[in-house]
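**Student:** So here's data27.cif (mmCIF, C-alpha atoms).
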data_upload
loop_
_atom_site.group_PDB
_atom_site.id
_atom_site.type_symbol
_atom_site.label_atom_id
_atom_site.label_comp_id
_atom_site.auth_asym_id
_atom_site.auth_seq_id
_atom_site.Cartn_x
_atom_site.Cartn_y
_atom_site.Cartn_z
ATOM 1 C CA MET A 15 108.435 92.723 93.409
ATOM 2 C CA ASN A 16 105.987 95.043 91.726
ATOM 3 C CA ILE A 17 102.250 94.732 92.101
ATOM 4 C CA ALA A 18 101.033 96.790 89.201
ATOM 5 C CA ALA A 19 97.593 98.221 89.097
ATOM 6 C CA GLY A 20 96.640 96.156 86.138
ATOM 7 C CA SER A 21 97.838 92.810 87.469
ATOM 8 C CA SER A 22 95.758 89.782 88.358
ATOM 9 C CA GLY A 23 92.845 89.758 90.796
ATOM 10 C CA PRO A 24 94.702 88.568 93.889
ATOM 11 C CA SER A 25 97.232 91.386 93.528
ATOM 12 C CA VAL A 26 94.546 94.061 93.507
ATOM 13 C CA ALA A 27 92.640 92.333 96.300
ATOM 14 C CA THR A 28 95.808 92.169 98.384
ATOM 15 C CA GLN A 29 96.485 95.870 97.978
ATOM 16 C CA LEU A 30 92.886 96.733 98.841
ATOM 17 C CA PHE A 31 92.838 94.440 101.881
ATOM 18 C CA GLY A 32 96.117 95.589 103.406
ATOM 19 C CA SER A 33 95.595 99.306 102.955
ATOM 20 C CA GLY A 34 91.880 98.981 103.753
ATOM 21 C CA LEU A 35 92.599 97.367 107.111
ATOM 22 C CA ILE A 36 95.061 100.152 107.872
ATOM 23 C CA GLY A 37 92.389 102.698 106.934
ATOM 24 C CA VAL A 38 89.799 101.058 109.188
ATOM 25 C CA ARG A 39 92.115 100.910 112.192
ATOM 26 C CA GLU A 40 93.634 104.363 111.890
ATOM 27 C CA GLY A 41 90.330 105.903 110.852
ATOM 28 C CA LEU A 42 88.544 104.326 113.797
ATOM 29 C CA GLU A 43 91.191 105.613 116.196
ATOM 30 C CA ALA A 44 90.726 109.138 114.854
ATOM 31 C CA GLY A 45 86.955 108.674 114.801
ATOM 32 C CA ILE A 46 86.886 107.632 118.451
ATOM 33 C CA VAL A 47 88.820 110.768 119.349
ATOM 34 C CA VAL A 48 86.358 112.969 117.463
ATOM 35 C CA MET A 49 83.420 111.065 118.965
ATOM 36 C CA ILE A 50 84.699 111.712 122.495
ATOM 37 C CA LEU A 51 85.167 115.422 121.801
ATOM 38 C CA VAL A 52 81.738 115.789 120.169
ATOM 39 C CA ALA A 53 79.967 113.833 122.912
ATOM 40 C CA PHE A 54 81.629 115.971 125.591
ATOM 41 C CA LEU A 55 80.507 119.205 123.914
ATOM 42 C CA VAL A 56 76.954 117.931 123.427
ATOM 43 C CA LYS A 57 76.650 116.782 127.040
ATOM 44 C CA SER A 58 78.177 120.048 128.232
ATOM 45 C CA ASP A 59 75.591 121.993 126.208
ATOM 46 C CA ARG A 60 78.369 123.612 124.154
ATOM 47 C CA ARG A 61 77.130 122.771 120.681
ATOM 48 C CA ASP A 62 78.326 126.207 119.586
ATOM 49 C CA ALA A 63 81.896 124.882 119.769
ATOM 50 C CA LEU A 64 81.230 121.908 117.476
ATOM 51 C CA LYS A 65 82.049 123.974 114.388
ATOM 52 C CA TRP A 66 85.553 124.614 115.722
ATOM 53 C CA VAL A 67 86.075 120.885 116.208
ATOM 54 C CA TRP A 68 85.180 120.288 112.567
ATOM 55 C CA VAL A 69 87.500 123.108 111.494
ATOM 56 C CA GLY A 70 90.358 121.396 113.313
ATOM 57 C CA VAL A 71 89.432 117.998 111.868
ATOM 58 C CA GLY A 72 89.272 119.428 108.351
ATOM 59 C CA ALA A 73 92.655 121.125 108.756
ATOM 60 C CA ALA A 74 94.175 117.860 110.006
ATOM 61 C CA ILE A 75 92.790 115.950 107.003
ATOM 62 C CA ALA A 76 94.154 118.581 104.621
ATOM 63 C CA MET A 77 97.576 118.373 106.278
ATOM 64 C CA VAL A 78 97.615 114.580 105.967
ATOM 65 C CA LEU A 79 96.692 114.722 102.274
ATOM 66 C CA ILE A 80 99.471 117.230 101.631
ATOM 67 C CA ILE A 81 102.043 115.126 103.491
ATOM 68 C CA PHE A 82 100.999 111.977 101.630
ATOM 69 C CA ALA A 83 101.027 113.719 98.246
ATOM 70 C CA VAL A 84 104.404 115.386 98.784
ATOM 71 C CA ILE A 85 106.140 112.197 99.952
ATOM 72 C CA HIS A 86 104.408 109.666 97.696
ATOM 73 C CA TYR A 87 104.220 111.594 94.447
ATOM 74 C CA GLY A 88 107.482 113.409 95.141
ATOM 75 C CA THR A 89 109.354 110.114 95.378
ATOM 76 C CA SER A 90 107.724 108.853 92.168
ATOM 77 C CA THR A 91 109.467 111.592 90.169
ATOM 78 C CA VAL A 92 112.955 110.333 91.024
ATOM 79 C CA THR A 93 114.594 107.116 89.937
ATOM 80 C CA GLY A 94 117.637 104.972 90.586
ATOM 81 C CA LEU A 95 119.635 105.172 93.783
ATOM 82 C CA THR A 96 118.014 108.459 94.798
ATOM 83 C CA ALA A 97 114.613 106.787 94.774
ATOM 84 C CA GLU A 98 115.985 103.873 96.815
ATOM 85 C CA ALA A 99 117.461 106.262 99.383
ATOM 86 C CA ILE A 100 114.227 108.236 99.728
ATOM 87 C CA ALA A 101 112.182 105.035 99.961
ATOM 88 C CA GLY A 102 114.495 103.647 102.635
ATOM 89 C CA VAL A 103 114.459 106.787 104.764
ATOM 90 C CA SER A 104 110.677 107.273 104.470
ATOM 91 C CA SER A 105 110.093 103.631 105.374
ATOM 92 C CA LEU A 106 112.316 103.971 108.449
ATOM 93 C CA ALA A 107 110.394 107.083 109.492
ATOM 94 C CA ALA A 108 107.130 105.185 109.060
ATOM 95 C CA VAL A 109 108.423 102.293 111.192
ATOM 96 C CA VAL A 110 109.386 104.666 114.008
ATOM 97 C CA ILE A 111 106.054 106.517 113.946
ATOM 98 C CA VAL A 112 103.939 103.354 113.703
ATOM 99 C CA THR A 113 105.868 101.655 116.517
ATOM 100 C CA PHE A 114 105.489 104.657 118.786
ATOM 101 C CA MET A 115 101.771 105.018 118.083
ATOM 102 C CA VAL A 116 100.976 101.302 118.492
ATOM 103 C CA LEU A 117 102.722 101.160 121.868
ATOM 104 C CA TRP A 118 101.293 104.536 122.930
ATOM 105 C CA MET A 119 97.754 103.451 122.078
ATOM 106 C CA LYS A 120 98.133 100.378 124.268
ATOM 107 C CA ARG A 121 99.138 102.477 127.274
ATOM 108 C CA ALA A 122 96.716 105.338 126.679
ATOM 109 C CA ALA A 123 93.602 103.374 125.689
ATOM 110 C CA ALA A 124 92.283 103.180 129.248
ATOM 111 C CA SER A 125 92.672 106.887 130.024
ATOM 112 C CA ILE A 126 92.357 108.601 126.637
ATOM 113 C CA SER A 127 88.678 109.497 127.132
ATOM 114 C CA GLY A 128 89.258 111.275 130.430
ATOM 115 C CA GLU A 129 92.337 113.084 129.141
ATOM 116 C CA LEU A 130 90.519 114.331 126.032
ATOM 117 C CA LYS A 131 87.579 115.595 128.093
ATOM 118 C CA GLU A 132 89.906 117.450 130.458
ATOM 119 C CA SER A 133 91.782 118.945 127.500
ATOM 120 C CA MET A 134 88.541 120.062 125.873
ATOM 121 C CA ALA A 135 87.332 121.641 129.110
ATOM 122 C CA ARG A 136 90.540 123.683 129.298
ATOM 123 C CA ALA A 137 90.318 124.543 125.584
ATOM 124 C CA LEU A 138 86.781 125.881 126.021
ATOM 125 C CA GLU A 139 88.042 128.205 128.727
ATOM 126 C CA VAL A 140 90.791 129.541 126.452
ATOM 127 C CA GLY A 141 88.674 130.053 123.346
ATOM 128 C CA SER A 142 87.785 128.789 119.865
ATOM 129 C CA GLY A 143 91.396 128.723 118.701
ATOM 130 C CA ALA A 144 92.309 126.252 121.429
ATOM 131 C CA VAL A 145 89.388 124.000 120.435
ATOM 132 C CA VAL A 146 90.560 124.031 116.810
ATOM 133 C CA LEU A 147 94.118 123.249 117.860
ATOM 134 C CA LEU A 148 93.064 120.402 120.149
ATOM 135 C CA SER A 149 90.994 118.647 117.479
ATOM 136 C CA PHE A 150 93.690 119.328 114.861
ATOM 137 C CA LEU A 151 96.418 117.714 116.955
ATOM 138 C CA ALA A 152 94.238 114.822 118.108
ATOM 139 C CA VAL A 153 93.245 113.835 114.565
ATOM 140 C CA GLY A 154 96.470 114.922 112.884
ATOM 141 C CA ARG A 155 98.523 112.606 115.074
ATOM 142 C CA GLU A 156 96.693 109.602 113.668
ATOM 143 C CA GLY A 157 96.718 111.062 110.188
ATOM 144 C CA VAL A 158 100.467 111.596 109.999
ATOM 145 C CA GLU A 159 100.998 108.020 111.128
ATOM 146 C CA THR A 160 98.639 106.815 108.413
ATOM 147 C CA ALA A 161 100.313 108.901 105.699
ATOM 148 C CA LEU A 162 103.795 107.619 106.568
ATOM 149 C CA LEU A 163 102.553 104.071 106.925
ATOM 150 C CA MET A 164 100.873 104.184 103.530
ATOM 151 C CA VAL A 165 103.965 105.615 101.844
ATOM 152 C CA GLY A 166 106.081 102.776 103.171
ATOM 153 C CA TYR A 167 103.375 100.206 102.478
ATOM 154 C CA ALA A 168 102.847 101.326 98.865
ATOM 155 C CA GLU A 169 106.507 101.580 97.907
ATOM 156 C CA ASN A 170 106.472 98.225 96.126
ATOM 157 C CA THR A 171 103.357 98.890 94.036
ATOM 158 C CA SER A 172 105.085 100.916 91.305
ATOM 159 C CA GLY A 173 102.707 103.850 91.466
ATOM 160 C CA SER A 174 99.556 101.736 91.713
ATOM 161 C CA SER A 175 96.527 103.612 92.994
ATOM 162 C CA TRP A 176 94.918 100.545 94.576
ATOM 163 C CA PRO A 177 96.523 101.047 98.024
ATOM 164 C CA LEU A 178 95.120 104.601 98.105
ATOM 165 C CA VAL A 179 91.700 103.307 97.020
ATOM 166 C CA GLY A 180 91.819 100.681 99.765
ATOM 167 C CA LEU A 181 92.811 103.295 102.330
ATOM 168 C CA ILE A 182 89.907 105.556 101.352
ATOM 169 C CA LEU A 183 87.451 102.651 101.530
ATOM 170 C CA GLY A 184 88.824 101.685 104.937
ATOM 171 C CA VAL A 185 88.475 105.240 106.243
ATOM 172 C CA LEU A 186 84.889 105.409 104.940
ATOM 173 C CA ILE A 187 84.102 102.166 106.773
ATOM 174 C CA ALA A 188 85.665 103.664 109.915
ATOM 175 C CA VAL A 189 83.483 106.777 109.548
ATOM 176 C CA VAL A 190 80.345 104.643 109.294
ATOM 177 C CA LEU A 191 81.392 102.587 112.324
ATOM 178 C CA THR A 192 82.120 105.743 114.301
ATOM 179 C CA VAL A 193 78.660 107.166 113.557
ATOM 180 C CA LEU A 194 77.008 103.867 114.524
ATOM 181 C CA LEU A 195 79.072 103.743 117.718
ATOM 182 C CA TYR A 196 78.042 107.280 118.584
ATOM 183 C CA GLN A 197 74.391 106.404 118.035
ATOM 184 C CA GLY A 198 74.757 103.233 120.095
ATOM 185 C CA THR A 199 73.755 101.014 117.166
ATOM 186 C CA VAL A 200 77.030 99.063 117.125
ATOM 187 C CA ARG A 201 79.273 97.922 119.948
ATOM 188 C CA ILE A 202 82.885 96.846 119.473
ATOM 189 C CA ASN A 203 85.280 95.164 121.870
ATOM 190 C CA PHE A 204 87.976 97.807 121.461
ATOM 191 C CA GLN A 205 90.549 95.889 123.470
ATOM 192 C CA LYS A 206 90.394 92.917 121.099
ATOM 193 C CA PHE A 207 90.090 95.106 118.013
ATOM 194 C CA PHE A 208 93.159 97.197 118.758
ATOM 195 C CA THR A 209 95.114 94.151 119.947
ATOM 196 C CA TYR A 210 94.522 92.164 116.749
ATOM 197 C CA THR A 211 95.044 95.109 114.422
ATOM 198 C CA GLY A 212 98.059 96.191 116.480
ATOM 199 C CA VAL A 213 99.662 92.791 115.933
ATOM 200 C CA PHE A 214 98.960 93.184 112.219
ATOM 201 C CA LEU A 215 100.608 96.631 112.151
ATOM 202 C CA VAL A 216 103.670 95.314 113.984
ATOM 203 C CA PHE A 217 104.127 92.671 111.265
ATOM 204 C CA VAL A 218 103.611 95.338 108.580
ATOM 205 C CA ALA A 219 106.180 97.598 110.254
ATOM 206 C CA ALA A 220 108.659 94.715 110.502
ATOM 207 C CA GLY A 221 108.308 94.156 106.764
ATOM 208 C CA MET A 222 108.782 97.866 106.130
ATOM 209 C CA LEU A 223 111.948 97.781 108.218
ATOM 210 C CA ALA A 224 113.282 94.902 106.147
ATOM 211 C CA TYR A 225 112.381 96.832 102.989
ATOM 212 C CA ALA A 226 114.174 99.934 104.286
ATOM 213 C CA ILE A 227 117.292 97.907 105.138
ATOM 214 C CA ARG A 228 117.405 96.477 101.611
ATOM 215 C CA ALA A 229 116.953 99.927 100.061
ATOM 216 C CA LEU A 230 119.750 101.416 102.176
ATOM 217 C CA GLN A 231 121.975 98.448 101.337
ATOM 218 C CA THR A 232 121.326 99.078 97.658
ATOM 219 C CA VAL A 233 122.581 102.675 97.895
ATOM 220 C CA GLY A 234 125.585 101.586 99.961
ATOM 221 C CA TRP A 235 124.555 103.182 103.258
ATOM 222 C CA LEU A 236 124.388 99.776 104.916
ATOM 223 C CA PRO A 237 126.689 96.804 104.256
ATOM 224 C CA GLY A 238 125.876 93.212 103.352
ATOM 225 C CA LEU A 239 123.879 93.493 100.126
ATOM 226 C CA SER A 240 125.556 90.372 98.733
ATOM 227 C CA ASN A 241 125.159 88.334 101.945
ATOM 228 C CA THR A 242 121.944 86.431 101.254
ATOM 229 C CA ALA A 243 120.385 84.691 104.244
ATOM 230 C CA PHE A 244 118.434 82.202 102.103
ATOM 231 C CA ASP A 245 117.058 81.945 98.579
ATOM 232 C CA LEU A 246 113.595 80.476 97.929
ATOM 233 C CA THR A 247 113.202 81.785 94.365
ATOM 234 C CA SER A 248 113.485 78.283 92.863
ATOM 235 C CA TRP A 249 110.103 77.253 94.250
ATOM 236 C CA TYR A 250 108.542 80.439 95.653
ATOM 237 C CA ASP A 251 106.181 81.900 93.042
ATOM 238 C CA GLN A 252 106.144 85.668 93.538
ATOM 239 C CA SER A 253 103.221 86.082 91.126
ATOM 240 C CA SER A 254 100.994 83.603 92.989
ATOM 241 C CA TRP A 255 98.220 84.542 95.386
ATOM 242 C CA TYR A 256 100.423 83.904 98.421
ATOM 243 C CA GLY A 257 103.340 85.723 96.806
ATOM 244 C CA THR A 258 101.289 88.863 96.237
ATOM 245 C CA ILE A 259 99.881 88.735 99.755
ATOM 246 C CA PHE A 260 103.238 88.414 101.502
ATOM 247 C CA ALA A 261 104.904 90.953 99.228
ATOM 248 C CA GLY A 262 102.041 93.437 99.103
ATOM 249 C CA ILE A 263 101.278 93.496 102.819
ATOM 250 C CA PHE A 264 104.463 92.343 104.584
ATOM 251 C CA ASN A 265 107.136 93.294 102.001
ATOM 252 C CA PHE A 266 108.416 89.710 101.956
ATOM 253 C CA ARG A 267 110.961 88.691 99.346
ATOM 254 C CA PRO A 268 112.323 85.146 98.858
ATOM 255 C CA ASP A 269 115.994 86.197 98.864
ATOM 256 C CA PRO A 270 116.547 88.520 101.860
ATOM 257 C CA THR A 271 119.957 89.537 103.092
ATOM 258 C CA VAL A 272 121.284 88.478 106.476
ATOM 259 C CA LEU A 273 120.880 92.015 107.810
ATOM 260 C CA GLN A 274 117.256 92.088 106.656
ATOM 261 C CA VAL A 275 116.452 88.854 108.480
ATOM 262 C CA VAL A 276 118.256 89.966 111.646
ATOM 263 C CA GLY A 277 116.561 93.367 111.599
ATOM 264 C CA TRP A 278 113.122 91.874 110.918
ATOM 265 C CA ALA A 279 113.409 89.202 113.634
ATOM 266 C CA THR A 280 114.884 91.575 116.233
ATOM 267 C CA TYR A 281 112.211 94.198 115.651
ATOM 268 C CA LEU A 282 109.414 91.639 115.741
ATOM 269 C CA ILE A 283 110.617 90.034 118.984
ATOM 270 C CA VAL A 284 111.240 93.310 120.815
ATOM 271 C CA VAL A 285 108.163 95.247 119.692
ATOM 272 C CA MET A 286 105.727 92.340 119.798
ATOM 273 C CA THR A 287 106.864 91.485 123.326
ATOM 274 C CA ALA A 288 106.416 95.102 124.417
ATOM 275 C CA PHE A 289 103.008 95.277 122.748
ATOM 276 C CA LEU A 290 101.601 92.019 124.117
ATOM 277 C CA TRP A 291 103.178 92.265 127.580
ATOM 278 C CA PRO A 292 100.388 92.580 130.164
ATOM 279 C CA ARG A 293 99.914 96.074 131.540
ATOM 280 C CA ARG A 294 101.161 96.401 135.090
ATOM 281 C CA THR A 295 98.424 97.610 137.386
ATOM 282 C CA LYS A 296 99.219 99.403 140.598
ATOM 283 C CA PRO A 297 98.161 97.399 143.658
ATOM 284 C CA ALA A 298 95.523 98.943 145.872
ATOM 285 C CA PRO A 299 96.958 100.693 148.923
ATOM 286 C CA ALA A 300 97.019 98.424 151.953
ATOM 287 C CA GLN A 301 94.530 99.202 154.674
ATOM 288 C CA PRO A 302 96.140 100.281 157.957
ATOM 289 C CA THR A 303 96.034 97.596 160.600
ATOM 290 C CA PRO A 304 96.067 98.263 164.322
ATOM 291 C CA THR A 305 99.377 97.582 165.960
ATOM 292 C CA SER A 306 100.016 96.880 169.586
ATOM 293 C CA ALA A 307 101.984 99.380 171.561
ATOM 294 C CA VAL A 308 105.624 98.636 172.060
ATOM 295 C CA ALA A 309 106.686 98.901 175.673
#
Re-express the file's structure as structure tokens.
**Tutor:**
Amino acid sequence: MNIAAGSSGPSVATQLFGSGLIGVREGLEAGIVVMILVAFLVKSDRRDALKWVWVGVGAAIAMVLIIFAVIHYGTSTVTGLTAEAIAGVSSLAAVVIVTFMVLWMKRAAASISGELKESMARALEVGSGAVVLLSFLAVGREGVETALLMVGYAENTSGSSWPLVGLILGVLIAVVLTVLLYQGTVRINFQKFFTYTGVFLVFVAAGMLAYAIRALQTVGWLPGLSNTAFDLTSWYDQSSWYGTIFAGIFNFRPDPTVLQVVGWATYLIVVMTAFLWPRRTKPAPAQPTPTSAVA
């Protein structure tokens, strides 16, 4: 289903909301990383190295824009089965990257600050190039995930620019929040924030996986295109507000194939369980207790 740029209000609002939420989450993750690096340099009285952090951040942003432009606008120049194949492969790549980053963020959230500070301390000893590289990799990691996620998310918008607009607005909101966090004006419960938005991204990735399966079935790389799991088209209005929401954000279609449903459900169960499973904490070492001598 296409959500054209000139369609009704709910369609545009849906595109802005979905991509905007992605921009806020991914932008805030990158912003927190930059905030930690900047705060460490300021407290270490190494403000002279701040310019190299911004050089690395700028290079990472430029790389992300290039990746997004090459994949998104490159795929828009091809049509037919070639376009379906490219869309399917890029969506699969986005699912893999997003899944890895969501699960990694859950594990690393508690220790990321200390690790970044240690890395920056070592980078300062090496030189300005190491500082640039550290900030480039730290921000670029989030940026590449965002670029791939947006390509897969925007595949069904037929070249609409609204998802990109929403992403930019979301990133701008994340920048403002990051500045306010740095100044101490705003406080956020990061555990809840990343948990709720992580659940959202898992659902988005599951929809992208279903979309990729359908695209690869269309080009004949996967079987079962004619095996429909169910068909709700007789009463499901794809142009309604709920139709645009489920299609625009979660890539839902009312006539999925059996393989799409199986892939979507399997991914959701496995990844959501791994994401929401409580982190295992190491028990404190037992205190030695005196023992009586053995005769």
**Student:** Between A:Ala152, A:Ser142, A:Gly198, A:Trp66, which is the closest to Ile126 (chain A) once you count only C-alpha atoms?
**Tutor:**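 For Ile126 (chain A), the nearest of the candidates is A:Ala152.
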**Student:** To test your reading of the syntax: which residues would the PyMOL selection byres ((chain A and resi 278-282) around 9) return for the file shown? Reply as a CSV table (one decimal) with C-alpha atoms, in the coordinates of the input.
**Tutor:**
chain,number,residue,atom,x,y,z
A,216,VAL,CA,103.7,95.3,114.0
A,217,PHE,CA,104.1,92.7,111.3
A,219,ALA,CA,106.2,97.6,110.3
A,220,ALA,CA,108.7,94.7,110.5
A,221,GLY,CA,108.3,94.2,106.8
A,222,MET,CA,108.8,97.9,106.1
A,223,LEU,CA,111.9,97.8,108.2
A,224,ALA,CA,113.3,94.9,106.1
A,273,LEU,CA,120.9,92.0,107.8
A,274,GLN,CA,117.3,92.1,106.7
A,275,VAL,CA,116.5,88.9,108.5
A,276,VAL,CA,118.3,90.0,111.6
A,277,GLY,CA,116.6,93.4,111.6
A,283,ILE,CA,110.6,90.0,119.0
A,284,VAL,CA,111.2,93.3,120.8
A,285,VAL,CA,108.2,95.2,119.7
A,286,MET,CA,105.7,92.3,119.8
A,287,THR,CA,106.9,91.5,123.3
**Student:** What is the distance between CA of Trp176 (chain A) and CA of Ser33 (chain A), in Å to one decimal?
**Tutor:**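 Those two atoms sit 8.5 Å apart.
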**Student:** Could you write out as a ChimeraX atom specification the residues that the PyMOL selection byres ((chain A and resi 259-268) around 7) matches in the shown file?
**Tutor:** /A:28-29,32,217-218,221-222,225,245-247,250,255-258,269-270
**Student:** Could you write out as a ChimeraX atom specification the residues that the PyMOL selection byres ((chain A and resi 133) around 12) matches in the shown file?
**Tutor:** /A:47,50-51,54-55,126-132,134-140,144-149,151-152
**Student:** Using only C-alpha atoms, can you tell me which of A:Arg61, A:Lys120, A:Pro177, A:Leu162 comes closest to Phe207 (chain A)?
**Tutor:**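 Nearest candidate to Phe207 (chain A) out of A:Arg61, A:Lys120, A:Pro177, A:Leu162: A:Lys120.
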**Student:** Calculated over only C-alpha atoms, which of the candidates A:Ala229, A:Leu106, A:Val78, A:Ala63 has the smallest distance to Gly154 (chain A)?
**Tutor:**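 The answer is A:Val78, which sits nearest to Gly154 (chain A).
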**Student:** Just give me the gap between CA of Gly212 (chain A) and CA of Val189 (chain A) in Å, one decimal is fine.
**Tutor:** 19.3 Å
**Student:** Skipping near chain neighbours, those fewer than 3 positions away, what residues fall within 8 Å of Ala108 (chain A) using all atoms listed in the file, listed as number ranges by chain?
**Tutor:** A: 104-105, 111-112, 159, 162-163, 165-166, 219
**Student:** Leaving out region 232-239 of chain A and any residue of its chain fewer than 5 positions from it, which residues lie within 9 Å of it when counting all atoms listed in the file, given as number ranges by chain?
**Tutor:** A: 95-96, 98-99, 227, 271-273
**Student:** Supply region 188-203 of chain A as a PDB file, in the frame of the given file, with N, CA, C and O atoms built in where the input has gaps.
**Tutor:**
ATOM      1  N   ALA A 188      85.432 103.183 108.552  1.00  0.00           N
ATOM      2  CA  ALA A 188      85.665 103.664 109.915  1.00  0.00           C
ATOM      3  C   ALA A 188      84.709 104.795 110.263  1.00  0.00           C
ATOM      4  O   ALA A 188      84.221 104.891 111.401  1.00  0.00           O
ATOM      5  N   VAL A 189      84.423 105.676 109.297  1.00  0.00           N
ATOM      6  CA  VAL A 189      83.483 106.777 109.548  1.00  0.00           C
ATOM      7  C   VAL A 189      82.096 106.235 109.852  1.00  0.00           C
ATOM      8  O   VAL A 189      81.423 106.677 110.802  1.00  0.00           O
ATOM      9  N   VAL A 190      81.657 105.251 109.056  1.00  0.00           N
ATOM     10  CA  VAL A 190      80.345 104.643 109.294  1.00  0.00           C
ATOM     11  C   VAL A 190      80.298 103.985 110.670  1.00  0.00           C
ATOM     12  O   VAL A 190      79.334 104.148 111.428  1.00  0.00           O
ATOM     13  N   LEU A 191      81.345 103.239 111.017  1.00  0.00           N
ATOM     14  CA  LEU A 191      81.392 102.587 112.324  1.00  0.00           C
ATOM     15  C   LEU A 191      81.371 103.606 113.462  1.00  0.00           C
ATOM     16  O   LEU A 191      80.716 103.393 114.491  1.00  0.00           O
ATOM     17  N   THR A 192      82.089 104.714 113.267  1.00  0.00           N
ATOM     18  CA  THR A 192      82.120 105.743 114.301  1.00  0.00           C
ATOM     19  C   THR A 192      80.736 106.336 114.528  1.00  0.00           C
ATOM     20  O   THR A 192      80.309 106.545 115.674  1.00  0.00           O
ATOM     21  N   VAL A 193      80.017 106.621 113.432  1.00  0.00           N
ATOM     22  CA  VAL A 193      78.660 107.166 113.557  1.00  0.00           C
ATOM     23  C   VAL A 193      77.747 106.174 114.270  1.00  0.00           C
ATOM     24  O   VAL A 193      76.965 106.538 115.159  1.00  0.00           O
ATOM     25  N   LEU A 194      77.842 104.895 113.894  1.00  0.00           N
ATOM     26  CA  LEU A 194      77.008 103.867 114.524  1.00  0.00           C
ATOM     27  C   LEU A 194      77.371 103.702 115.998  1.00  0.00           C
ATOM     28  O   LEU A 194      76.490 103.482 116.836  1.00  0.00           O
ATOM     29  N   LEU A 195      78.657 103.814 116.315  1.00  0.00           N
ATOM     30  CA  LEU A 195      79.072 103.743 117.718  1.00  0.00           C
ATOM     31  C   LEU A 195      78.507 104.916 118.507  1.00  0.00           C
ATOM     32  O   LEU A 195      78.060 104.758 119.647  1.00  0.00           O
ATOM     33  N   TYR A 196      78.551 106.072 117.909  1.00  0.00           N
ATOM     34  CA  TYR A 196      78.042 107.280 118.584  1.00  0.00           C
ATOM     35  C   TYR A 196      76.545 107.160 118.840  1.00  0.00           C
ATOM     36  O   TYR A 196      76.040 107.587 119.890  1.00  0.00           O
ATOM     37  N   GLN A 197      75.834 106.568 117.887  1.00  0.00           N
ATOM     38  CA  GLN A 197      74.391 106.404 118.035  1.00  0.00           C
ATOM     39  C   GLN A 197      74.028 105.215 118.911  1.00  0.00           C
ATOM     40  O   GLN A 197      72.857 105.035 119.246  1.00  0.00           O
ATOM     41  N   GLY A 198      75.016 104.392 119.267  1.00  0.00           N
ATOM     42  CA  GLY A 198      74.757 103.233 120.095  1.00  0.00           C
ATOM     43  C   GLY A 198      74.238 102.038 119.333  1.00  0.00           C
ATOM     44  O   GLY A 198      73.823 101.042 119.942  1.00  0.00           O
ATOM     45  N   THR A 199      74.267 102.115 117.988  1.00  0.00           N
ATOM     46  CA  THR A 199      73.755 101.014 117.166  1.00  0.00           C
ATOM     47  C   THR A 199      74.699  99.828 117.159  1.00  0.00           C
ATOM     48  O   THR A 199      74.275  98.668 117.101  1.00  0.00           O
ATOM     49  N   VAL A 200      76.006 100.113 117.210  1.00  0.00           N
ATOM     50  CA  VAL A 200      77.030  99.063 117.125  1.00  0.00           C
ATOM     51  C   VAL A 200      77.914  99.151 118.358  1.00  0.00           C
ATOM     52  O   VAL A 200      78.225 100.250 118.840  1.00  0.00           O
ATOM     53  N   ARG A 201      78.315  97.987 118.841  1.00  0.00           N
ATOM     54  CA  ARG A 201      79.273  97.922 119.948  1.00  0.00           C
ATOM     55  C   ARG A 201      80.457  97.073 119.522  1.00  0.00           C
ATOM     56  O   ARG A 201      80.290  96.043 118.889  1.00  0.00           O
ATOM     57  N   ILE A 202      81.660  97.537 119.854  1.00  0.00           N
ATOM     58  CA  ILE A 202      82.885  96.846 119.473  1.00  0.00           C
ATOM     59  C   ILE A 202      83.736  96.618 120.715  1.00  0.00           C
ATOM     60  O   ILE A 202      83.845  97.508 121.567  1.00  0.00           O
ATOM     61  N   ASN A 203      84.318  95.433 120.810  1.00  0.00           N
ATOM     62  CA  ASN A 203      85.280  95.164 121.870  1.00  0.00           C
ATOM     63  C   ASN A 203      86.604  95.815 121.456  1.00  0.00           C
ATOM     64  O   ASN A 203      87.378  95.247 120.698  1.00  0.00           O
TER      65      ASN A 203
END
